[in-house]
file input.cif (mmCIF, C-alpha atoms)
data_model
#
loop_
_atom_site.group_PDB
_atom_site.id
_atom_site.type_symbol
_atom_site.label_atom_id
_atom_site.label_comp_id
_atom_site.auth_asym_id
_atom_site.auth_seq_id
_atom_site.Cartn_x
_atom_site.Cartn_y
_atom_site.Cartn_z
ATOM 1 C CA MET A 1 0.000 0.000 0.000
ATOM 2 C CA ILE A 2 1.283 3.440 -0.851
ATOM 3 C CA CYS A 3 0.260 6.433 1.210
ATOM 4 C CA ILE A 4 1.004 9.857 -0.293
ATOM 5 C CA LEU A 5 1.086 12.817 2.054
ATOM 6 C CA GLU A 6 1.143 16.370 0.771
ATOM 7 C CA LYS A 7 2.805 19.011 2.857
ATOM 8 C CA LEU A 8 3.174 22.729 2.322
ATOM 9 C CA GLN A 9 6.635 23.896 3.124
ATOM 10 C CA ILE A 10 7.334 27.583 3.728
ATOM 11 C CA GLN A 11 10.688 28.878 2.647
ATOM 12 C CA LEU A 12 12.017 32.339 3.391
ATOM 13 C CA SER A 13 13.253 33.503 0.019
ATOM 14 C CA GLU A 14 14.534 37.023 0.509
ATOM 15 C CA LYS A 15 14.097 40.324 2.294
ATOM 16 C CA PHE A 16 13.944 43.641 0.473
ATOM 17 C CA LYS A 17 12.552 47.148 0.946
ATOM 18 C CA ILE A 18 9.598 48.780 -0.790
ATOM 19 C CA ASN A 19 8.923 52.456 -0.019
ATOM 20 C CA GLY A 20 11.214 52.236 2.995
ATOM 21 C CA LYS A 21 9.398 49.258 4.528
ATOM 22 C CA GLU A 22 11.047 45.885 4.879
ATOM 23 C CA VAL A 23 9.161 43.193 2.995
ATOM 24 C CA ILE A 24 9.723 39.471 3.306
ATOM 25 C CA TRP A 25 9.101 37.410 0.200
ATOM 26 C CA ILE A 26 7.707 34.030 1.197
ATOM 27 C CA MET A 27 7.504 31.174 -1.237
ATOM 28 C CA LEU A 28 5.173 28.259 -0.618
ATOM 29 C CA GLU A 29 6.281 24.963 -1.994
ATOM 30 C CA LYS A 30 4.125 21.864 -2.170
ATOM 31 C CA LYS A 31 5.989 18.670 -1.458
ATOM 32 C CA LYS A 32 4.743 15.124 -1.687
ATOM 33 C CA LYS A 33 6.045 12.268 0.368
ATOM 34 C CA LYS A 34 5.479 8.675 -0.569
ATOM 35 C CA HIS A 35 5.253 6.089 2.187
ATOM 36 C CA ILE A 36 5.137 2.409 1.324
ATOM 37 C CA ILE A 37 3.345 0.488 4.039
ATOM 38 C CA LYS A 38 3.849 -3.260 3.970
ATOM 39 C CA PRO A 39 1.167 -5.717 5.093
ATOM 40 C CA ASN A 40 3.115 -6.626 8.226
ATOM 41 C CA HIS A 41 3.169 -2.990 9.438
ATOM 42 C CA GLU A 42 1.134 -2.370 12.609
ATOM 43 C CA LEU A 43 -0.987 0.357 10.945
ATOM 44 C CA TYR A 44 -1.572 -1.511 7.678
ATOM 45 C CA SER A 45 -5.030 -2.855 8.583
ATOM 46 C CA LEU A 46 -6.183 0.560 9.853
ATOM 47 C CA ILE A 47 -5.041 2.391 6.714
ATOM 48 C CA ASP A 48 -6.373 -0.391 4.498
ATOM 49 C CA GLY A 49 -9.781 -0.077 6.195
ATOM 50 C CA TYR A 50 -9.845 3.708 5.704
ATOM 51 C CA SER A 51 -8.835 3.267 2.060
ATOM 52 C CA LEU A 52 -11.654 0.771 1.521
ATOM 53 C CA LYS A 53 -14.228 3.088 3.132
ATOM 54 C CA SER A 54 -12.970 6.045 1.069
ATOM 55 C CA LYS A 55 -13.239 3.970 -2.105
ATOM 56 C CA ASN A 56 -16.769 2.864 -1.161
ATOM 57 C CA LEU A 57 -17.809 6.466 -0.496
ATOM 58 C CA TYR A 58 -16.350 7.598 -3.828
ATOM 59 C CA ASN A 59 -18.144 4.804 -5.689
ATOM 60 C CA TYR A 60 -21.475 5.506 -3.958
ATOM 61 C CA ALA A 61 -21.253 9.226 -4.752
ATOM 62 C CA ASN A 62 -20.266 8.409 -8.330
ATOM 63 C CA TYR A 63 -23.282 6.080 -8.607
ATOM 64 C CA LEU A 64 -25.650 8.821 -7.399
ATOM 65 C CA ILE A 65 -24.231 11.387 -9.814
ATOM 66 C CA ARG A 66 -24.210 8.957 -12.776
ATOM 67 C CA GLN A 67 -27.762 7.777 -12.197
ATOM 68 C CA THR A 68 -29.059 11.314 -11.851
ATOM 69 C CA PHE A 69 -27.153 12.398 -14.963
ATOM 70 C CA PHE A 70 -28.378 9.453 -17.073
ATOM 71 C CA ILE A 71 -31.983 9.778 -15.905
ATOM 72 C CA THR A 72 -32.177 13.537 -16.457
ATOM 73 C CA SER A 73 -30.441 13.109 -19.841
ATOM 74 C CA ASN A 74 -33.127 10.588 -20.814
ATOM 75 C CA LEU A 75 -35.783 13.108 -19.794
ATOM 76 C CA LYS A 76 -34.034 15.807 -21.800
ATOM 77 C CA ASN A 77 -33.989 13.540 -24.874
ATOM 78 C CA GLY A 78 -37.696 12.751 -24.483
ATOM 79 C CA LYS A 79 -37.212 9.118 -23.472
ATOM 80 C CA THR A 80 -39.530 7.494 -20.972
ATOM 81 C CA LEU A 81 -38.121 6.240 -17.689
ATOM 82 C CA ASN A 82 -38.469 2.673 -16.498
ATOM 83 C CA ILE A 83 -39.837 1.931 -13.020
ATOM 84 C CA GLU A 84 -36.414 1.773 -11.308
ATOM 85 C CA GLN A 85 -35.327 5.076 -12.834
ATOM 86 C CA GLN A 86 -38.576 6.773 -11.812
ATOM 87 C CA GLU A 87 -38.209 5.429 -8.239
ATOM 88 C CA PHE A 88 -34.622 6.695 -8.087
ATOM 89 C CA LEU A 89 -35.642 10.135 -9.326
ATOM 90 C CA ASN A 90 -38.514 10.280 -6.818
ATOM 91 C CA MET A 91 -36.127 9.283 -4.006
ATOM 92 C CA MET A 92 -33.636 11.987 -5.000
ATOM 93 C CA ASN A 93 -36.360 14.636 -5.239
ATOM 94 C CA ALA A 94 -37.664 13.637 -1.795
ATOM 95 C CA LYS A 95 -34.158 14.211 -0.456
ATOM 96 C CA VAL A 96 -34.204 17.658 -2.086
ATOM 97 C CA ASP A 97 -37.088 18.562 0.234
ATOM 98 C CA ASP A 98 -35.114 17.341 3.269
ATOM 99 C CA PHE A 99 -32.038 19.250 2.076
ATOM 100 C CA ASN A 100 -33.986 22.481 1.589
ATOM 101 C CA ASN A 101 -35.597 22.171 5.042
ATOM 102 C CA LYS A 102 -32.205 21.643 6.687
ATOM 103 C CA LYS A 103 -30.625 24.570 4.823
ATOM 104 C CA GLN A 104 -33.533 26.856 5.676
ATOM 105 C CA GLU A 105 -33.367 25.893 9.368
ATOM 106 C CA THR A 106 -29.597 26.464 9.430
ATOM 107 C CA LEU A 107 -30.055 29.899 7.858
ATOM 108 C CA ARG A 108 -32.747 30.798 10.416
ATOM 109 C CA LYS A 109 -30.425 29.837 13.273
ATOM 110 C CA LYS A 110 -27.604 31.933 11.820
ATOM 111 C CA GLN A 111 -29.937 34.897 11.325
ATOM 112 C CA SER A 112 -31.167 34.660 14.928
ATOM 113 C CA ILE A 113 -27.555 34.922 16.121
ATOM 114 C CA ARG A 114 -26.474 37.581 13.616
ATOM 115 C CA LYS A 115 -29.247 40.096 13.018
ATOM 116 C CA ASP A 116 -27.261 41.771 10.213
ATOM 117 C CA LEU A 117 -27.228 38.591 8.115
ATOM 118 C CA ASN A 118 -29.525 39.360 5.172
ATOM 119 C CA LYS A 119 -28.790 36.262 3.156
ATOM 120 C CA LEU A 120 -31.782 34.979 1.195
ATOM 121 C CA PHE A 121 -32.621 31.306 1.133
ATOM 122 C CA LYS A 122 -32.334 29.853 -2.358
ATOM 123 C CA PRO A 123 -33.899 26.388 -2.422
ATOM 124 C CA LEU A 124 -32.465 23.583 -4.516
ATOM 125 C CA ASP A 125 -34.693 22.740 -7.457
ATOM 126 C CA TYR A 126 -35.985 19.226 -8.129
ATOM 127 C CA PHE A 127 -34.045 17.158 -10.634
ATOM 128 C CA HIS A 128 -35.536 17.248 -14.111
ATOM 129 C CA LYS A 129 -34.396 17.619 -17.711
ATOM 130 C CA GLU A 130 -32.874 21.065 -17.056
ATOM 131 C CA HIS A 131 -31.427 20.372 -13.587
ATOM 132 C CA THR A 132 -29.056 17.449 -14.014
ATOM 133 C CA TYR A 133 -26.180 17.768 -11.539
ATOM 134 C CA LEU A 134 -26.247 17.123 -7.786
ATOM 135 C CA GLY A 135 -23.540 19.548 -6.642
ATOM 136 C CA TYR A 136 -21.196 19.169 -3.670
ATOM 137 C CA ASP A 137 -23.535 20.424 -0.919
ATOM 138 C CA PHE A 138 -26.391 18.116 -1.867
ATOM 139 C CA LEU A 139 -24.006 15.212 -2.410
ATOM 140 C CA GLU A 140 -22.539 15.704 1.062
ATOM 141 C CA PHE A 141 -26.041 15.915 2.537
ATOM 142 C CA ILE A 142 -27.001 12.568 1.002
ATOM 143 C CA CYS A 143 -23.724 10.792 1.745
ATOM 144 C CA SER A 144 -23.425 12.054 5.332
ATOM 145 C CA SER A 145 -25.912 9.408 6.466
ATOM 146 C CA GLU A 146 -23.900 6.584 4.876
ATOM 147 C CA PRO A 147 -21.861 4.305 7.197
ATOM 148 C CA ASP A 148 -18.667 4.743 5.152
ATOM 149 C CA TYR A 149 -18.940 8.538 5.476
ATOM 150 C CA ARG A 150 -19.424 8.314 9.240
ATOM 151 C CA GLN A 151 -16.604 5.819 9.839
ATOM 152 C CA ILE A 152 -13.820 7.908 8.332
ATOM 153 C CA MET A 153 -12.610 11.315 9.459
ATOM 154 C CA SER A 154 -14.906 14.096 8.258
ATOM 155 C CA GLN A 155 -12.116 15.979 6.454
ATOM 156 C CA VAL A 156 -11.255 12.834 4.500
ATOM 157 C CA ALA A 157 -14.896 12.147 3.628
ATOM 158 C CA GLN A 158 -15.418 15.741 2.506
ATOM 159 C CA GLN A 159 -12.235 15.615 0.433
ATOM 160 C CA VAL A 160 -13.409 12.426 -1.287
ATOM 161 C CA LEU A 161 -16.680 14.151 -2.207
ATOM 162 C CA LYS A 162 -14.835 17.273 -3.383
ATOM 163 C CA VAL A 163 -12.671 15.128 -5.654
ATOM 164 C CA ILE A 164 -15.673 13.424 -7.263
ATOM 165 C CA ASP A 165 -17.391 16.798 -7.629
ATOM 166 C CA LYS A 166 -14.295 18.219 -9.308
ATOM 167 C CA ASN A 167 -14.008 15.190 -11.613
ATOM 168 C CA TRP A 168 -17.619 15.473 -12.788
ATOM 169 C CA LYS A 169 -17.357 19.225 -13.316
ATOM 170 C CA SER A 170 -14.258 18.575 -15.414
ATOM 171 C CA PHE A 171 -16.218 16.017 -17.432
ATOM 172 C CA PHE A 172 -19.013 18.519 -18.084
ATOM 173 C CA GLU A 173 -16.485 21.155 -19.166
ATOM 174 C CA SER A 174 -14.910 18.632 -21.565
ATOM 175 C CA VAL A 175 -18.307 17.853 -23.062
ATOM 176 C CA LYS A 176 -18.969 21.578 -23.572
ATOM 177 C CA GLY A 177 -15.515 22.056 -25.078
ATOM 178 C CA ARG A 178 -16.007 19.126 -27.431
ATOM 179 C CA ARG A 179 -19.283 20.567 -28.671
ATOM 180 C CA LYS A 180 -17.564 23.876 -29.466
ATOM 181 C CA ASN A 181 -14.418 22.441 -31.040
ATOM 182 C CA LYS A 182 -14.464 18.761 -31.986
ATOM 183 C CA GLY A 183 -10.959 18.951 -33.465
ATOM 184 C CA ASN A 184 -9.291 19.268 -30.043
ATOM 185 C CA TYR A 185 -10.723 15.930 -28.858
ATOM 186 C CA THR A 186 -9.883 12.528 -30.245
#

call {"tool": "encode", "arguments": {"input": "input.cif", "output": "structure tokens"}}
result
Amino acid sequence: MICILEKLQIQLSEKFKINGKEVIWIMLEKKKKKHIIKPNHELYSLIDGYSLKSKNLYNYANYLIRQTFFITSNLKNGKTLNIEQQEFLNMMNAKVDDFNNKKQETLRKKQSIRKDLNKLFKPLDYFHKEHTYLGYDFLEFICSSEPDYRQIMSQVAQQVLKVIDKNWKSFFESVKGRRKNKGNYT
């Protein structure tokens, strides 16, 4: 098993003066360390378990996004949904109601603490032929009740969901780019 840790390292590059004031130029450098953990290492089973749960969370989130994308694409193309697809879409739209209620309650609590907070509540729309992507906040809301999400550290779980969100957004950008200029894609 290979564990890669990223670490920001601050290096003092140089001091110089601007308008008579001393300025320190700081350069941030990202370094990666690779650790190979063998099966006989005392932490191997712990790290292997976390890796498995992270993989399961990624795959579950990917499944939710793919199903929603395929179903809403079918709706957009005028195709009829089978029973399983309709049940999935109904389940996701029911969770939209729960998500909106939670967000609205959170906003009310924040506004009761900070009277100057004039943020308006913008509810998430149901999934249909024009609304096809889950988004990170909704994805986290759905996945937060999953056992794999709860059994790993919250920062790790959130990072897994951010990675899948980033990957799907990149896919959508590639699709848009391909439509504009097919010659750049093979």

call {"tool": "residues_around", "arguments": {"input": "input.cif", "residues": "A:Leu161", "least_positions_apart": "2", "cutoff": "8 Å", "atoms": "only C-alpha atoms", "output": "PyMOL selection string"}}
result
chain A and resi 57-58+61+136+139-140+157-159+163-165

call {"tool": "residues_near_point", "arguments": {"input": "input.cif", "point": "(-23.9, 3.1, 3.4)", "cutoff": "10 Å", "atoms": "all atoms listed in the file", "output": "list of chain:residue names"}}
result
A:Lys53, A:Asn56, A:Leu57, A:Tyr60, A:Cys143, A:Ser144, A:Ser145, A:Glu146, A:Pro147, A:Asp148, A:Tyr149, A:Arg150

call {"tool": "write_last_selection", "arguments": {"input": "input.cif", "atoms": "C-alpha atoms", "output": "CSV table (one decimal), keeping the file's coordinate frame"}}
result
chain,number,residue,atom,x,y,z
A,53,LYS,CA,-14.2,3.1,3.1
A,56,ASN,CA,-16.8,2.9,-1.2
A,57,LEU,CA,-17.8,6.5,-0.5
A,60,TYR,CA,-21.5,5.5,-4.0
A,143,CYS,CA,-23.7,10.8,1.7
A,144,SER,CA,-23.4,12.1,5.3
A,145,SER,CA,-25.9,9.4,6.5
A,146,GLU,CA,-23.9,6.6,4.9
A,147,PRO,CA,-21.9,4.3,7.2
A,148,ASP,CA,-18.7,4.7,5.2
A,149,TYR,CA,-18.9,8.5,5.5
A,150,ARG,CA,-19.4,8.3,9.2

call {"tool": "closest_atom_pairs", "arguments": {"input": "input.cif", "of": "stretch 121-164 of chain A", "to": "stretch 83-97 of chain A", "cutoff": "8 Å", "atoms": "all atoms listed in the file", "output": "tab-separated table"}}
result
residue	atom	partner	partner_atom	distance
A:Leu124	CA	A:Val96	CA	6.6
A:Asp125	CA	A:Val96	CA	7.4
A:Tyr126	CA	A:Asn93	CA	5.4
A:Phe127	CA	A:Asn93	CA	6.4
A:Phe138	CA	A:Val96	CA	7.8
A:Ile142	CA	A:Lys95	CA	7.5

call {"tool": "closest_residue", "arguments": {"input": "input.cif", "among": "A:Leu134, A:Ile152, A:Ile113, A:Val175", "to": "A:Thr68", "atoms": "only C-alpha atoms"}}
result
A:Leu134

call {"tool": "atom_distance", "arguments": {"input": "input.cif", "atom1": "atom CA of A:Lys180", "atom2": "atom CA of A:Gln67"}}
result
25.7 Å

call {"tool": "closest_residue", "arguments": {"input": "input.cif", "among": "A:Asn181, A:Asn101, A:Asn82, A:Asn167", "to": "A:Lys122", "atoms": "only C-alpha atoms"}}
result
A:Asn101

call {"tool": "residues_around", "arguments": {"input": "input.cif", "residues": "A:Lys129", "least_positions_apart": "6", "cutoff": "9 Å", "atoms": "only C-alpha atoms", "output": "PyMOL selection string"}}
result
chain A and resi 71-78

call {"tool": "atom_distance", "arguments": {"input": "input.cif", "atom1": "atom CA of A:Asp98", "atom2": "atom CA of A:Pro123"}}
result
10.8 Å

call {"tool": "atom_distance", "arguments": {"input": "input.cif", "atom1": "atom CA of A:Phe141", "atom2": "atom CA of A:Phe171"}}
result
22.3 Å

call {"tool": "closest_residue", "arguments": {"input": "input.cif", "among": "A:Gly49, A:Phe70, A:Asn59, A:Gly135", "to": "A:Lys166", "atoms": "only C-alpha atoms"}}
result
A:Gly135
